[in-house]
Amino acid sequence: VSKDEIVADNVDVSTITATILDALGNIVTTAVNEITFTPIGKVNASEGIAVMLFKTTSAGEISITAQSPDLSSDTVKINTIPGAASKIVIDSDDSVIVPAAMDIKGKILDNYGNRTSSTETLKLSVSKNGKLTSTCTVTAVDGIATFKNISFKETAFYSIEIESVRGTLNKGQKQIAGVIVKEKGGLAAAEGEYGEVKIKIPADCWVSTQNVVIG
């Protein structure tokens, strides 16, 4: 194998070469066997050598086995790592029974959805009816920034936005519904105008009382 580690960007390539040998370890130059490189494909050997190119968009370790009927197989492992950090995805429940608090995570991914090891500082913004109600900043650890104990007290639809403080990543956006339990069971999202949103804020964050419109 030419490289045992590549970037999972569908561009970086590792060349895998399978050689057909006789019992003494010599290349069988007349061999034209079909070699299956599991799980990526098949190719016919030429002069005892079969070559397969491997690239991917999925990060992780992959085992590739070269095999052909009546021949012993061999396996190599290639580690594929995420590409450059490019976007933020919000990981949270879609609704919460109010009043309650929950953690909201911002995951920093590459173009293909692989989680990176980025340590970017991210900012969480919470708004309701176009009004910014709170912000908080957290530094990501291994590609995840966890905003802890964000409280939702009123029945409403909350707009959540997480962005890079440096502005280098595509921001993540999501709506979370603050809901109540109906008398006969089930959940109901509230509608209309509601009072001030109550958010539990850590010491290093601030709450805005101004009417700031998210554009």
# chains A, B, ... in the order shown; residues from 1 in each chain; ligands from 1
>>> residues_around(residues="Ile97 of chain A", least_positions_apart="4", cutoff="6 Å", atoms="only C-alpha atoms", output="mmCIF file with C-alpha atoms, in the first residue's frame")
data_model
loop_
_atom_site.group_PDB
_atom_site.id
_atom_site.type_symbol
_atom_site.label_atom_id
_atom_site.label_comp_id
_atom_site.auth_asym_id
_atom_site.auth_seq_id
_atom_site.Cartn_x
_atom_site.Cartn_y
_atom_site.Cartn_z
ATOM 1 C CA GLY A 178 -40.790 24.555 23.854
ATOM 2 C CA VAL A 179 -43.910 22.460 24.403
ATOM 3 C CA ILE A 180 -46.441 21.560 27.070
#
>>> residues_around(residues="segment 141-156 of chain A", least_positions_apart="5", cutoff="6 Å", atoms="only C-alpha atoms", output="MDAnalysis selection string")
chainID A and resid 98:108 116:119 177:179 190 198:200
>>> write_last_selection(atoms="N, CA and C atoms", output="compact mmCIF listing (two decimals), in the first residue's frame")
# COMPACT_ATOMS: atom_id res chain seq x y z
N VAL A 98 -41.38 22.18 28.54
CA VAL A 98 -41.02 23.29 29.42
C VAL A 98 -41.80 23.23 30.73
N PRO A 99 -41.19 23.75 31.81
CA PRO A 99 -39.83 24.29 31.88
C PRO A 99 -38.81 23.17 32.04
N ALA A 100 -37.66 23.32 31.39
CA ALA A 100 -36.62 22.30 31.47
C ALA A 100 -35.32 22.88 30.92
N ALA A 101 -34.23 22.17 31.14
CA ALA A 101 -32.93 22.56 30.60
C ALA A 101 -32.32 21.38 29.87
N MET A 102 -31.52 21.65 28.88
CA MET A 102 -30.82 20.58 28.18
C MET A 102 -29.51 21.09 27.61
N ASP A 103 -28.61 20.15 27.31
CA ASP A 103 -27.35 20.49 26.67
C ASP A 103 -27.57 20.59 25.16
N ILE A 104 -26.88 21.53 24.53
CA ILE A 104 -26.89 21.67 23.09
C ILE A 104 -25.46 21.58 22.59
N LYS A 105 -25.23 20.74 21.60
CA LYS A 105 -23.87 20.53 21.09
C LYS A 105 -23.72 21.11 19.68
N GLY A 106 -22.58 21.69 19.43
CA GLY A 106 -22.21 22.11 18.09
C GLY A 106 -21.08 21.23 17.60
N LYS A 107 -21.33 20.43 16.57
CA LYS A 107 -20.32 19.53 16.03
C LYS A 107 -19.66 20.17 14.81
N ILE A 108 -18.34 20.16 14.79
CA ILE A 108 -17.58 20.76 13.70
C ILE A 108 -17.20 19.66 12.71
N THR A 116 -14.48 16.56 12.86
CA THR A 116 -13.07 16.91 12.91
C THR A 116 -12.59 16.96 14.35
N SER A 117 -11.31 17.25 14.53
CA SER A 117 -10.75 17.41 15.88
C SER A 117 -10.55 18.89 16.19
N SER A 118 -11.30 19.75 15.54
CA SER A 118 -11.15 21.20 15.68
C SER A 118 -11.33 21.65 17.13
N THR A 119 -10.57 22.69 17.49
CA THR A 119 -10.71 23.32 18.80
C THR A 119 -11.16 24.77 18.66
N ALA A 177 -38.66 23.50 19.76
CA ALA A 177 -39.99 23.87 20.24
C ALA A 177 -40.08 23.64 21.74
N GLY A 178 -40.44 24.70 22.45
CA GLY A 178 -40.79 24.55 23.85
C GLY A 178 -42.25 24.17 23.93
N VAL A 179 -42.55 23.00 24.48
CA VAL A 179 -43.91 22.46 24.40
C VAL A 179 -44.46 22.15 25.79
N ALA A 190 -46.70 25.74 21.59
CA ALA A 190 -47.49 26.95 21.77
C ALA A 190 -47.38 27.85 20.55
N LYS A 198 -36.61 32.79 29.46
CA LYS A 198 -35.71 32.65 30.60
C LYS A 198 -34.65 31.62 30.27
N ILE A 199 -33.40 32.03 30.22
CA ILE A 199 -32.30 31.15 29.85
C ILE A 199 -31.30 31.08 31.01
N LYS A 200 -30.89 29.87 31.36
CA LYS A 200 -29.86 29.72 32.38
C LYS A 200 -28.51 29.96 31.73
>>> residues_around(residues="Phe54 of chain A", least_positions_apart="4", cutoff="9 Å", atoms="only C-alpha atoms", output="PyMOL selection string")
chain A and resi 12-16+40
>>> write_last_selection(atoms="C-alpha atoms", output="PDB file, in the first residue's frame")
ATOM      1  CA  ASP A  12      -6.333  11.881  -1.562  1.00  0.00           C
ATOM      2  CA  VAL A  13      -5.506   8.407  -2.935  1.00  0.00           C
ATOM      3  CA  SER A  14      -3.739   5.318  -1.685  1.00  0.00           C
ATOM      4  CA  THR A  15      -2.481   2.760  -4.213  1.00  0.00           C
ATOM      5  CA  ILE A  16      -2.935  -0.866  -3.194  1.00  0.00           C
ATOM      6  CA  ILE A  40     -13.836  -1.688  -2.926  1.00  0.00           C
TER       7      ILE A  40
END
>>> residues_around(residues="Glu61 of chain A", least_positions_apart="2", cutoff="12 Å", atoms="only C-alpha atoms", output="PyMOL selection string")
chain A and resi 4-8+56+58-59+63-64+76-82
>>> closest_atom_pairs(of="segment 45-78 of chain A", to="segment 27-39 of chain A", cutoff="6 Å", atoms="only C-alpha atoms", output="CSV")
residue,atom,partner,partner_atom,distance
A:Ala45,CA,A:Val32,CA,4.5
A:Ser46,CA,A:Val32,CA,5.3
A:Glu47,CA,A:Thr29,CA,4.0
A:Gly48,CA,A:Ala31,CA,4.6
A:Ile64,CA,A:Thr38,CA,5.5
A:Thr65,CA,A:Thr38,CA,5.2
A:Ala66,CA,A:Phe37,CA,4.5
A:Gln67,CA,A:Thr36,CA,5.3
A:Ser68,CA,A:Ile35,CA,5.2
>>> residues_around(residues="segment 136-139 of chain A", least_positions_apart="5", cutoff="6 Å", atoms="only C-alpha atoms", output="list in words")
Glu120, Thr121, Leu122, Lys123, Leu124, Ala145 and Cys205 of chain A
>>> residues_around(residues="Ser159 of chain A", least_positions_apart="5", cutoff="9 Å", atoms="only C-alpha atoms", output="list in words")
Ser125, Val126, Ser127, Lys128, Asn129, Gly130, Gln173, Lys174, Gln175, Ile176 and Ala177 of chain A
>>> select_by_dssp(residues="segment 55-200 of chain A", states="strand (DSSP E or B)", output="NGL selection string")
:A and (60-67 or 74-81 or 87-91 or 95-97 or 100-109 or 115 or 121-128 or 131-139 or 141 or 144-152 or 156-164 or 170 or 172-181 or 187-189)
